[in-house]
>>> print(open('work_7.txt').read())   # compact mmCIF, C-alpha atoms
# COMPACT_ATOMS: atom_id res chain seq x y z
CA MET A 1 -26.23 9.51 -21.56
CA GLY A 2 -28.69 12.38 -21.42
CA ARG A 3 -27.93 15.90 -20.29
CA PHE A 4 -28.70 15.25 -16.64
CA ASP A 5 -26.73 11.99 -16.78
CA ARG A 6 -23.69 13.85 -18.05
CA TYR A 7 -24.15 16.52 -15.39
CA LEU A 8 -24.35 13.91 -12.62
CA PHE A 9 -21.40 11.99 -14.06
CA GLN A 10 -19.25 15.14 -14.17
CA GLN A 11 -20.14 15.98 -10.58
CA LEU A 12 -19.19 12.48 -9.47
CA LEU A 13 -15.85 12.61 -11.27
CA MET A 14 -15.01 16.03 -9.85
CA LEU A 15 -15.75 15.02 -6.25
CA PHE A 16 -14.05 11.68 -6.79
CA GLY A 17 -10.86 13.47 -7.79
CA PHE A 18 -11.05 15.67 -4.70
CA PHE A 19 -11.66 12.84 -2.23
CA SER A 20 -9.03 10.68 -3.92
CA LEU A 21 -6.42 13.40 -3.56
CA VAL A 22 -7.22 13.94 0.12
CA LEU A 23 -7.25 10.25 1.02
CA ILE A 24 -4.11 9.45 -0.97
CA LEU A 25 -2.22 12.27 0.73
CA VAL A 26 -3.36 11.13 4.19
CA PHE A 27 -2.42 7.48 3.66
CA TRP A 28 0.76 8.35 1.75
CA VAL A 29 2.07 10.71 4.42
CA ASN A 30 1.26 8.15 7.12
CA SER A 31 3.32 5.46 5.37
CA ALA A 32 6.07 7.90 4.43
CA VAL A 33 6.78 8.91 8.05
CA SER A 34 8.00 5.45 9.08
CA LEU A 35 9.97 5.09 5.86
CA LEU A 36 11.59 8.49 6.37
CA ASP A 37 12.75 7.58 9.86
CA LYS A 38 14.25 4.29 8.67
CA LEU A 39 16.03 5.61 5.58
CA LEU A 40 17.44 8.77 7.11
CA GLY A 41 18.46 6.76 10.18
CA ASP A 42 20.50 4.54 7.86
CA GLY A 43 22.12 7.57 6.26
CA GLN A 44 20.22 7.41 2.97
CA SER A 45 19.57 10.50 0.89
CA ALA A 46 16.28 12.37 0.50
CA ARG A 47 16.28 11.32 -3.15
CA ALA A 48 16.07 7.64 -2.17
CA PHE A 49 13.24 8.47 0.25
CA PHE A 50 11.14 10.27 -2.36
CA TYR A 51 11.73 7.54 -4.93
CA LEU A 52 10.56 4.79 -2.57
CA THR A 53 7.56 6.79 -1.41
CA LEU A 54 6.53 7.38 -5.01
CA LEU A 55 6.71 3.64 -5.59
CA SER A 56 4.27 3.16 -2.71
CA LEU A 57 1.62 5.38 -4.36
CA PRO A 58 0.02 2.63 -6.53
CA SER A 59 -0.56 0.47 -3.48
CA VAL A 60 -2.05 3.40 -1.57
CA MET A 61 -4.28 4.34 -4.49
CA SER A 62 -5.62 0.80 -4.87
CA ARG A 63 -6.75 0.91 -1.22
CA VAL A 64 -8.45 4.32 -1.19
CA LEU A 65 -10.06 4.76 -4.61
CA ALA A 66 -13.10 2.63 -3.72
CA ILE A 67 -13.63 4.71 -0.55
CA ALA A 68 -13.26 7.90 -2.61
CA GLY A 69 -15.91 6.61 -5.04
CA PHE A 70 -18.29 5.92 -2.16
CA ALA A 71 -17.65 9.37 -0.65
CA ALA A 72 -18.22 11.07 -4.01
CA ALA A 73 -21.52 9.22 -4.55
CA VAL A 74 -22.76 10.12 -1.06
CA PHE A 75 -21.68 13.77 -1.28
CA VAL A 76 -23.16 14.40 -4.72
CA THR A 77 -26.46 12.65 -3.91
CA ASN A 78 -26.80 14.55 -0.64
CA ARG A 79 -26.14 17.88 -2.34
CA LEU A 80 -28.58 17.22 -5.18
CA SER A 81 -31.20 16.23 -2.63
CA ASN A 82 -30.66 19.33 -0.46
CA GLU A 83 -30.92 21.57 -3.53
CA SER A 84 -34.08 19.72 -4.65
CA GLU A 85 -32.51 18.79 -7.99
CA LEU A 86 -33.32 15.12 -7.46
CA VAL A 87 -36.94 16.00 -6.68
CA VAL A 88 -37.26 17.96 -9.92
CA VAL A 89 -35.65 15.23 -11.99
CA GLN A 90 -37.80 12.52 -10.44
CA ALA A 91 -40.91 14.64 -11.01
CA SER A 92 -39.99 14.82 -14.70
CA GLY A 93 -40.23 11.04 -14.95
CA TYR A 94 -36.76 9.72 -13.99
CA SER A 95 -37.06 6.51 -12.00
CA PRO A 96 -34.44 5.53 -9.38
CA TYR A 97 -33.14 2.89 -11.78
CA ARG A 98 -32.78 5.52 -14.50
CA LEU A 99 -30.99 7.89 -12.12
CA SER A 100 -28.54 5.19 -11.14
CA ARG A 101 -27.25 4.87 -14.72
CA SER A 102 -24.68 7.65 -14.30
CA VAL A 103 -23.55 6.31 -10.95
CA PHE A 104 -23.13 2.83 -12.40
CA VAL A 105 -21.03 4.16 -15.30
CA PHE A 106 -18.98 6.17 -12.80
CA SER A 107 -18.42 3.05 -10.66
CA ILE A 108 -17.25 1.15 -13.76
CA VAL A 109 -14.66 3.87 -14.42
CA VAL A 110 -13.41 3.61 -10.82
CA THR A 111 -13.35 -0.19 -11.11
CA LEU A 112 -11.23 -0.04 -14.25
CA MET A 113 -8.77 2.29 -12.54
CA ILE A 114 -8.42 0.00 -9.53
CA GLY A 115 -8.18 -3.02 -11.83
CA VAL A 116 -5.21 -1.53 -13.69
CA LEU A 117 -3.57 -0.76 -10.36
CA SER A 118 -4.19 -4.19 -8.83
CA HIS A 119 -3.21 -6.29 -11.85
CA ALA A 120 -0.34 -4.24 -13.27
CA LEU A 121 0.90 -1.10 -11.50
CA VAL A 122 0.98 -2.38 -7.90
CA PRO A 123 3.00 -5.55 -8.79
CA MET A 124 5.37 -3.45 -10.90
CA SER A 125 5.87 -0.97 -8.05
CA LEU A 126 6.51 -3.83 -5.60
CA ARG A 127 9.11 -5.30 -7.93
CA GLU A 128 10.83 -1.97 -8.50
CA GLY A 129 10.73 -1.20 -4.78
CA ALA A 130 12.39 -4.53 -3.98
CA LEU A 131 15.13 -3.83 -6.52
CA ARG A 132 15.70 -0.37 -5.13
CA ARG A 133 15.90 -1.65 -1.55
CA ALA A 134 18.43 -4.26 -2.65
CA GLU A 135 20.53 -1.51 -4.20
CA LEU A 136 20.35 0.50 -0.99
CA ALA A 137 21.39 -2.56 1.00
CA GLN A 138 24.54 -2.73 -1.12
CA ASP A 139 25.23 0.97 -0.81
CA MET A 140 27.61 0.60 2.09
CA THR A 141 28.83 4.18 1.77
CA ALA A 142 25.39 5.48 2.72
CA GLN A 143 24.77 2.96 5.52
CA PHE A 144 28.24 2.61 6.93
CA LEU A 145 30.20 5.81 6.43
CA THR A 146 29.08 8.77 8.50
CA GLU A 147 31.80 11.01 9.86
CA GLY A 148 31.88 11.61 13.59
CA SER A 149 28.80 9.52 14.42
CA PHE A 150 28.19 6.09 15.84
CA VAL A 151 25.95 4.22 13.40
CA HIS A 152 24.18 0.90 13.83
CA PRO A 153 23.67 -0.59 10.35
CA GLY A 154 22.78 -4.02 11.73
CA ASP A 155 21.68 -5.86 14.87
CA GLY A 156 24.47 -5.78 17.43
CA LEU A 157 26.73 -3.86 15.02
CA THR A 158 28.31 -0.48 15.78
CA PHE A 159 30.63 1.53 13.56
CA TYR A 160 32.43 4.84 13.97
CA VAL A 161 34.81 6.76 11.71
CA ARG A 162 36.38 10.05 12.66
CA GLU A 163 37.23 11.26 9.17
CA ILE A 164 36.82 10.24 5.54
CA THR A 165 39.48 11.70 3.24
CA PRO A 166 38.71 12.84 -0.34
CA ALA A 167 40.52 9.71 -1.55
CA GLY A 168 38.06 7.51 0.36
CA GLU A 169 40.41 6.51 3.15
CA LEU A 170 38.89 6.08 6.61
CA ARG A 171 40.77 7.56 9.57
CA ASP A 172 40.45 6.29 13.16
CA ILE A 173 37.70 3.73 12.93
CA TYR A 174 35.92 1.59 15.49
CA LEU A 175 33.92 -1.53 14.62
CA SER A 176 32.09 -3.66 17.17
CA ARG A 177 29.91 -6.71 16.71
CA LYS A 178 27.95 -8.46 19.47
CA ASP A 179 26.24 -11.81 18.90
CA THR A 180 23.25 -13.35 20.66
CA THR A 181 25.45 -15.16 23.20
CA GLY A 182 26.91 -11.90 24.49
CA ASP A 183 30.33 -12.39 22.90
CA ARG A 184 31.75 -9.22 21.40
CA GLN A 185 34.49 -8.57 18.83
CA SER A 186 35.82 -5.02 18.53
CA PHE A 187 38.28 -3.51 16.03
CA ASN A 188 40.28 -0.29 16.26
CA ALA A 189 42.39 0.93 13.36
CA THR A 190 44.11 4.17 12.43
CA ARG A 191 43.38 3.68 8.72
CA ALA A 192 40.91 1.59 6.72
CA LEU A 193 39.53 1.14 3.21
CA LEU A 194 36.12 -0.12 2.14
CA VAL A 195 36.28 -2.15 -1.06
CA ASN A 196 33.75 -4.24 -2.99
CA GLU A 197 34.69 -7.82 -3.71
CA GLN A 198 32.86 -10.56 -5.58
CA ASN A 199 31.62 -12.08 -2.31
CA GLY A 200 30.59 -8.74 -0.83
CA PRO A 201 32.16 -5.63 0.69
CA MET A 202 35.42 -5.93 2.62
CA LEU A 203 36.82 -3.62 5.27
CA LEU A 204 40.64 -3.43 5.02
CA MET A 205 42.09 -2.13 8.30
CA PHE A 206 45.69 -1.04 8.99
CA ASP A 207 47.69 -0.50 12.18
CA GLY A 208 45.14 -1.51 14.78
CA MET A 209 44.02 -4.14 17.21
CA VAL A 210 41.16 -6.55 17.74
CA GLN A 211 39.57 -7.32 21.11
CA ASP A 212 37.64 -10.57 21.58
CA TYR A 213 35.43 -10.73 24.66
CA THR A 214 33.99 -14.14 25.63
CA ASN A 215 30.91 -13.78 27.78
CA SER A 216 30.83 -17.37 29.08
CA ASN A 217 34.14 -17.14 30.97
CA ARG A 218 34.46 -13.32 30.96
CA THR A 219 37.86 -13.26 29.24
CA LEU A 220 39.30 -10.63 26.93
CA ALA A 221 41.89 -11.39 24.24
CA VAL A 222 43.75 -8.53 22.53
CA THR A 223 45.60 -8.93 19.23
CA ARG A 224 47.48 -6.22 17.40
CA PHE A 225 47.79 -6.24 13.61
CA ASP A 226 49.45 -4.33 10.81
CA SER A 227 46.68 -5.18 8.35
CA PHE A 228 43.41 -7.04 8.66
CA ALA A 229 40.60 -7.83 6.20
CA TYR A 230 37.08 -8.14 7.56
CA ALA A 231 34.20 -9.42 5.41
CA LEU A 232 31.09 -7.27 5.82
CA GLY A 233 28.92 -9.26 3.42
CA PRO A 234 27.57 -11.72 6.03
CA LEU A 235 26.40 -8.78 8.16
CA PHE A 236 24.07 -7.39 5.49
CA ASP A 237 21.55 -8.56 2.97
CA THR A 238 23.60 -7.90 -0.15
CA THR A 239 21.52 -9.77 -2.70
CA ALA A 240 21.83 -7.72 -5.88
CA VAL A 241 18.58 -8.88 -7.49
CA PRO A 242 15.85 -10.17 -5.17
CA ALA A 243 14.10 -13.34 -6.19
CA PRO A 244 10.88 -12.63 -8.10
CA ARG A 245 7.65 -13.33 -6.26
CA PRO A 246 4.06 -13.78 -7.49
CA SER A 247 2.91 -10.68 -5.59
CA SER A 248 5.41 -8.54 -7.53
CA THR A 249 4.51 -10.03 -10.93
CA ASP A 250 1.71 -8.60 -13.04
CA SER A 251 -1.33 -10.76 -13.76
CA TYR A 252 -0.72 -10.98 -17.51
CA THR A 253 2.74 -12.46 -16.96
CA LEU A 254 1.41 -14.87 -14.35
CA MET A 255 -1.36 -16.17 -16.59
CA ARG A 256 1.06 -16.76 -19.49
CA ALA A 257 3.83 -18.27 -17.33
CA THR A 258 5.10 -21.74 -18.16
CA PRO A 259 5.51 -24.43 -15.46
CA GLU A 260 9.27 -23.68 -15.40
CA GLU A 261 8.63 -19.97 -14.86
CA LEU A 262 6.12 -20.72 -12.12
CA ALA A 263 8.71 -22.91 -10.44
CA ARG A 264 11.18 -20.00 -10.45
CA LEU A 265 8.50 -17.84 -8.87
CA GLY A 266 7.94 -20.49 -6.21
CA THR A 267 4.24 -20.89 -6.96
CA THR A 268 1.78 -23.17 -8.76
CA GLN A 269 -0.96 -22.69 -11.31
CA GLN A 270 -3.60 -23.11 -8.60
CA GLU A 271 -1.99 -20.43 -6.44
CA VAL A 272 -1.79 -18.11 -9.43
CA ARG A 273 -5.52 -18.48 -10.07
CA THR A 274 -6.20 -17.77 -6.41
CA LEU A 275 -4.04 -14.64 -6.59
CA ILE A 276 -5.86 -13.41 -9.71
CA HIS A 277 -9.23 -13.89 -8.02
CA ASP A 278 -7.94 -12.02 -4.99
CA ARG A 279 -6.81 -9.12 -7.18
CA ASN A 280 -10.33 -8.91 -8.61
CA ARG A 281 -11.90 -8.27 -5.21
CA ALA A 282 -10.94 -4.62 -4.74
CA PRO A 283 -12.02 -3.44 -8.22
CA LEU A 284 -15.43 -5.13 -7.94
CA LEU A 285 -16.00 -3.66 -4.49
CA ALA A 286 -15.75 -0.19 -6.03
CA ILE A 287 -18.99 -0.84 -7.96
CA ALA A 288 -20.79 -1.98 -4.84
CA ALA A 289 -19.47 0.93 -2.74
CA ALA A 290 -20.58 3.67 -5.13
CA MET A 291 -23.96 2.08 -5.77
CA ILE A 292 -24.64 1.58 -2.04
CA GLY A 293 -23.80 5.22 -1.32
CA PHE A 294 -26.14 6.49 -4.04
CA ALA A 295 -29.02 4.04 -3.55
CA THR A 296 -29.17 4.37 0.24
CA LEU A 297 -29.51 8.15 0.11
CA LEU A 298 -31.97 7.97 -2.78
CA ALA A 299 -34.18 5.58 -0.80
CA GLY A 300 -34.42 8.16 1.98
CA GLY A 301 -36.35 10.56 -0.23
CA PHE A 302 -36.46 14.29 0.44
CA SER A 303 -36.20 15.54 4.01
CA ARG A 304 -36.11 19.05 5.41
CA PHE A 305 -33.76 17.79 8.10
CA GLY A 306 -31.24 16.42 5.63
CA LEU A 307 -30.12 12.87 4.95
CA TRP A 308 -27.69 12.41 7.79
CA ARG A 309 -29.41 9.23 8.98
CA GLN A 310 -29.21 7.73 5.50
CA ILE A 311 -25.53 8.73 5.30
CA VAL A 312 -24.78 6.94 8.57
CA PHE A 313 -26.77 3.91 7.37
CA ALA A 314 -24.81 3.86 4.10
CA ILE A 315 -21.54 3.89 6.02
CA VAL A 316 -22.77 1.00 8.19
CA LEU A 317 -23.71 -0.98 5.08
CA LEU A 318 -20.28 -0.34 3.58
CA ILE A 319 -18.63 -1.55 6.80
CA VAL A 320 -20.71 -4.73 6.66
CA VAL A 321 -19.63 -5.36 3.07
CA LYS A 322 -16.01 -4.71 4.03
CA ILE A 323 -16.27 -7.24 6.88
CA LEU A 324 -17.63 -9.76 4.38
CA ASP A 325 -14.71 -8.92 2.08
CA THR A 326 -12.17 -9.55 4.84
CA SER A 327 -13.79 -12.87 5.73
CA ALA A 328 -13.86 -13.88 2.06
CA ALA A 329 -10.17 -13.04 1.66
CA GLU A 330 -9.29 -15.22 4.64
CA SER A 331 -11.41 -18.09 3.30
CA VAL A 332 -9.78 -17.93 -0.13
CA GLY A 333 -6.35 -17.78 1.51
CA ARG A 334 -7.05 -20.94 3.49
CA SER A 335 -8.45 -22.96 0.59
CA ALA A 336 -8.02 -22.33 -3.13
CA GLN A 337 -11.22 -24.31 -3.75
CA LEU A 338 -13.20 -21.42 -2.25
CA TRP A 339 -12.12 -18.96 -4.96
CA PHE A 340 -15.74 -17.98 -5.62
CA MET A 341 -15.85 -16.42 -2.12
CA ALA A 342 -13.76 -13.55 -3.46
CA TYR A 343 -16.75 -12.34 -5.46
CA LEU A 344 -19.47 -12.78 -2.83
CA PRO A 345 -18.88 -9.38 -1.09
CA ALA A 346 -19.34 -7.54 -4.41
CA VAL A 347 -22.48 -9.55 -5.17
CA ALA A 348 -23.81 -8.85 -1.68
CA GLY A 349 -23.08 -5.13 -2.05
CA LEU A 350 -24.81 -4.91 -5.42
CA SER A 351 -27.79 -6.81 -4.01
CA ILE A 352 -28.05 -4.30 -1.17
CA ALA A 353 -27.85 -1.42 -3.66
CA TYR A 354 -30.57 -2.97 -5.83
CA GLY A 355 -32.75 -3.44 -2.75
CA MET A 356 -32.35 0.24 -1.88
CA LEU A 357 -33.21 1.28 -5.44
CA TRP A 358 -36.30 -0.92 -5.31
CA ARG A 359 -37.30 0.74 -2.06
CA ALA A 360 -36.79 4.18 -3.62
CA ALA A 361 -38.98 3.13 -6.57
CA ASN A 362 -41.74 2.11 -4.15
CA PRO A 363 -42.16 5.10 -1.81
CA ARG A 364 -45.32 3.66 -0.26
CA LEU A 365 -43.10 1.34 1.73
CA ARG A 366 -41.51 4.25 3.58
CA PRO A 367 -42.54 4.96 7.19
CA LEU A 368 -45.82 6.92 7.48
CA ALA A 369 -44.19 9.64 9.57
CA ALA A 370 -41.64 10.31 6.84
CA VAL A 371 -44.40 10.59 4.21
CA ARG A 372 -46.35 13.05 6.34
CA GLY A 373 -43.53 15.21 7.57
CA ASP A 374 -40.55 15.00 5.23
CA ALA A 375 -41.31 13.38 1.90
CA PRO A 376 -43.17 15.27 -0.86
>>> encode(input="work_7.txt", output="structure tokens")
Amino acid sequence: MGRFDRYLFQQLLMLFGFFSLVLILVFWVNSAVSLLDKLLGDGQSARAFFYLTLLSLPSVMSRVLAIAGFAAAVFVTNRLSNESELVVVQASGYSPYRLSRSVFVFSIVVTLMIGVLSHALVPMSLREGALRRAELAQDMTAQFLTEGSFVHPGDGLTFYVREITPAGELRDIYLSRKDTTGDRQSFNATRALLVNEQNGPMLLMFDGMVQDYTNSNRTLAVTRFDSFAYALGPLFDTTAVPAPRPSSTDSYTLMRATPEELARLGTTQQEVRTLIHDRNRAPLLAIAAAMIGFATLLAGGFSRFGLWRQIVFAIVLLIVVKILDTSAAESVGRSAQLWFMAYLPAVAGLSIAYGMLWRAANPRLRPLAAVRGDAP
């Protein structure tokens, strides 16, 4: 690249980093709020919250990097136009196609970044997040044991413990479970222990009573006991290692998987190919987004009133391409035979960008009023 190409490329990268940081923080904080409420409500630690939110970053980045590339292309082009740098460069002999070289290289860099995220980092983060959530589901101490508070670790389930001794003994507990029919079973015990067995956690209660309420005939049965063992495993999802899924498996592993491995994943070779095509959509859209942002503003020429109309038009074009992308994703999801639809939005976006560059290279096609009043 020439000197101006390197200058334009550096400006694009700098603004891309800024917009990426802003958008990632906005989307990340938005997703972290709901996760924070759920985890802290279950008694989990702040460390578990931060770990899970960090695992969500690759997914957030894969969604916003294309938008950041578009914003960087629009911002840089608008600034160069307002400062007349584009006018000077074009007067020196640079055609719109020549000017777009740096933007195209920049869009390729963004595409490669999103491609690595979509094909490798996002599936890995989904897999690690599923493992971590399974570990938290088994961490009964965090979900179940909170001194002096009524906790609800499951639907229709209520638990209370007055005190937890340093030895791990529970003092004065209350456990209540209500099913969908309205029947309720409640336990009171002066002492209890929580132990892990092969089939799941067990609650060993001593010196207490159990109350069984039957909603159909409104009867209450009370039984006292010296010791009672209650299996907590059926109340929780205690699967140690979640079953692998295609969405949490990187593309390289999927493409090299044997029929037996695909069977364990619960998928087929045709579904794997469809998934790979779907993962290619977002990276290719990054090229179209950056090129549309640059070409649309470049086609507007120089204006003393700024390029706000071209900016709005570029946003509208990007929305149209995104609508096409959503429709293509739905079509591919309904029929694997329509895999080529995954690439049509990117082709349409690049065609629009090329049309705008062609218009910029032929200024005589611009409206007469713009040539008289705004354009040089």
>>> atom_distance(input="work_7.txt", atom1="CA of Arg127 (chain A)", atom2="CA of Asp250 (chain A)")
9.6 Å
>>> residues_around(input="work_7.txt", residues="Met113 (chain A)", least_positions_apart="5", cutoff="12 Å", atoms="only C-alpha atoms", output="PDB file with C-alpha atoms, keeping the file's coordinate frame")
ATOM      1  CA  PRO A  58       0.020   2.630  -6.530  1.00  0.00           C
ATOM      2  CA  MET A  61      -4.280   4.340  -4.490  1.00  0.00           C
ATOM      3  CA  SER A  62      -5.620   0.800  -4.870  1.00  0.00           C
ATOM      4  CA  ARG A  63      -6.750   0.910  -1.220  1.00  0.00           C
ATOM      5  CA  VAL A  64      -8.450   4.320  -1.190  1.00  0.00           C
ATOM      6  CA  LEU A  65     -10.060   4.760  -4.610  1.00  0.00           C
ATOM      7  CA  ALA A  66     -13.100   2.630  -3.720  1.00  0.00           C
ATOM      8  CA  GLY A  69     -15.910   6.610  -5.040  1.00  0.00           C
ATOM      9  CA  PHE A 106     -18.980   6.170 -12.800  1.00  0.00           C
ATOM     10  CA  SER A 107     -18.420   3.050 -10.660  1.00  0.00           C
ATOM     11  CA  ILE A 108     -17.250   1.150 -13.760  1.00  0.00           C
ATOM     12  CA  SER A 118      -4.190  -4.190  -8.830  1.00  0.00           C
ATOM     13  CA  HIS A 119      -3.210  -6.290 -11.850  1.00  0.00           C
ATOM     14  CA  ALA A 120      -0.340  -4.240 -13.270  1.00  0.00           C
ATOM     15  CA  LEU A 121       0.900  -1.100 -11.500  1.00  0.00           C
ATOM     16  CA  VAL A 122       0.980  -2.380  -7.900  1.00  0.00           C
ATOM     17  CA  ASN A 280     -10.330  -8.910  -8.610  1.00  0.00           C
ATOM     18  CA  ALA A 282     -10.940  -4.620  -4.740  1.00  0.00           C
ATOM     19  CA  PRO A 283     -12.020  -3.440  -8.220  1.00  0.00           C
ATOM     20  CA  LEU A 284     -15.430  -5.130  -7.940  1.00  0.00           C
ATOM     21  CA  ALA A 286     -15.750  -0.190  -6.030  1.00  0.00           C
ATOM     22  CA  ILE A 287     -18.990  -0.840  -7.960  1.00  0.00           C
TER      23      ILE A 287
END
>>> residues_around(input="work_7.txt", residues="Met255 (chain A)", least_positions_apart="4", cutoff="9 Å", atoms="only C-alpha atoms", output="ChimeraX atom specification")
/A:250-251,269,272-273,276
>>> closest_residue(input="work_7.txt", among="A:Val109, A:Ala257, A:Ala72, A:Ala192", to="Glu169 (chain A)", atoms="all atoms listed in the file")
A:Ala192
>>> residues_around(input="work_7.txt", residues="region 183-185 of chain A", least_positions_apart="6", cutoff="10 Å", atoms="all atoms listed in the file", output="JSON list (two decimals) with C-alpha atoms, in the frame of the given file")
[["chain", "number", "residue", "atom", "x", "y", "z"],
["A", 156, "GLY", "CA", 24.47, -5.78, 17.43],
["A", 157, "LEU", "CA", 26.73, -3.86, 15.02],
["A", 175, "LEU", "CA", 33.92, -1.53, 14.62],
["A", 176, "SER", "CA", 32.09, -3.66, 17.17],
["A", 177, "ARG", "CA", 29.91, -6.71, 16.71],
["A", 210, "VAL", "CA", 41.16, -6.55, 17.74],
["A", 211, "GLN", "CA", 39.57, -7.32, 21.11],
["A", 212, "ASP", "CA", 37.64, -10.57, 21.58],
["A", 213, "TYR", "CA", 35.43, -10.73, 24.66],
["A", 214, "THR", "CA", 33.99, -14.14, 25.63],
["A", 215, "ASN", "CA", 30.91, -13.78, 27.78],
["A", 216, "SER", "CA", 30.83, -17.37, 29.08],
["A", 218, "ARG", "CA", 34.46, -13.32, 30.96],
["A", 219, "THR", "CA", 37.86, -13.26, 29.24],
["A", 220, "LEU", "CA", 39.30, -10.63, 26.93],
["A", 221, "ALA", "CA", 41.89, -11.39, 24.24],
["A", 222, "VAL", "CA", 43.75, -8.53, 22.53]]
>>> closest_residue(input="work_7.txt", among="A:Thr274, A:Asp172, A:Leu285, A:Leu194", to="Ser331 (chain A)", atoms="all atoms listed in the file")
A:Thr274
>>> atom_distance(input="work_7.txt", atom1="CA of Ser327 (chain A)", atom2="CA of Arg281 (chain A)")
12.0 Å
>>> residues_around(input="work_7.txt", residues="Met341 (chain A)", least_positions_apart="5", cutoff="8 Å", atoms="all atoms listed in the file", output="list of chain:residue names")
A:Ala328, A:Ala329, A:Ser331, A:Val332
>>> closest_atom_pairs(input="work_7.txt", of="region 25-124 of chain A", to="region 297-300 of chain A", cutoff="8 Å", atoms="all atoms listed in the file", output="CSV")
residue,atom,partner,partner_atom,distance
A:Val74,CA,A:Leu297,CA,7.1
A:Thr77,CA,A:Leu297,CA,6.8
A:Asn78,CA,A:Leu297,CA,7.0
A:Pro96,CA,A:Leu298,CA,7.5
>>> atom_distance(input="work_7.txt", atom1="CA of Val312 (chain A)", atom2="CA of Met14 (chain A)")
22.7 Å
>>> axis_aligned_box(input="work_7.txt", around="region 344-363 of chain A", padding_each_side="5 Å", output="AutoDock Vina command-line options")
--center_x -30.5 --center_y -3.8 --center_z -3.8 --size_x 33.3 --size_y 27.9 --size_z 15.5
>>> residues_around(input="work_7.txt", residues="Ser351 (chain A)", least_positions_apart="4", cutoff="10 Å", atoms="all atoms listed in the file", output="list in words")
Ala288, Met291, Ile292, Pro345, Ala346, Val347, Gly355, Met356 and Leu357 of chain A
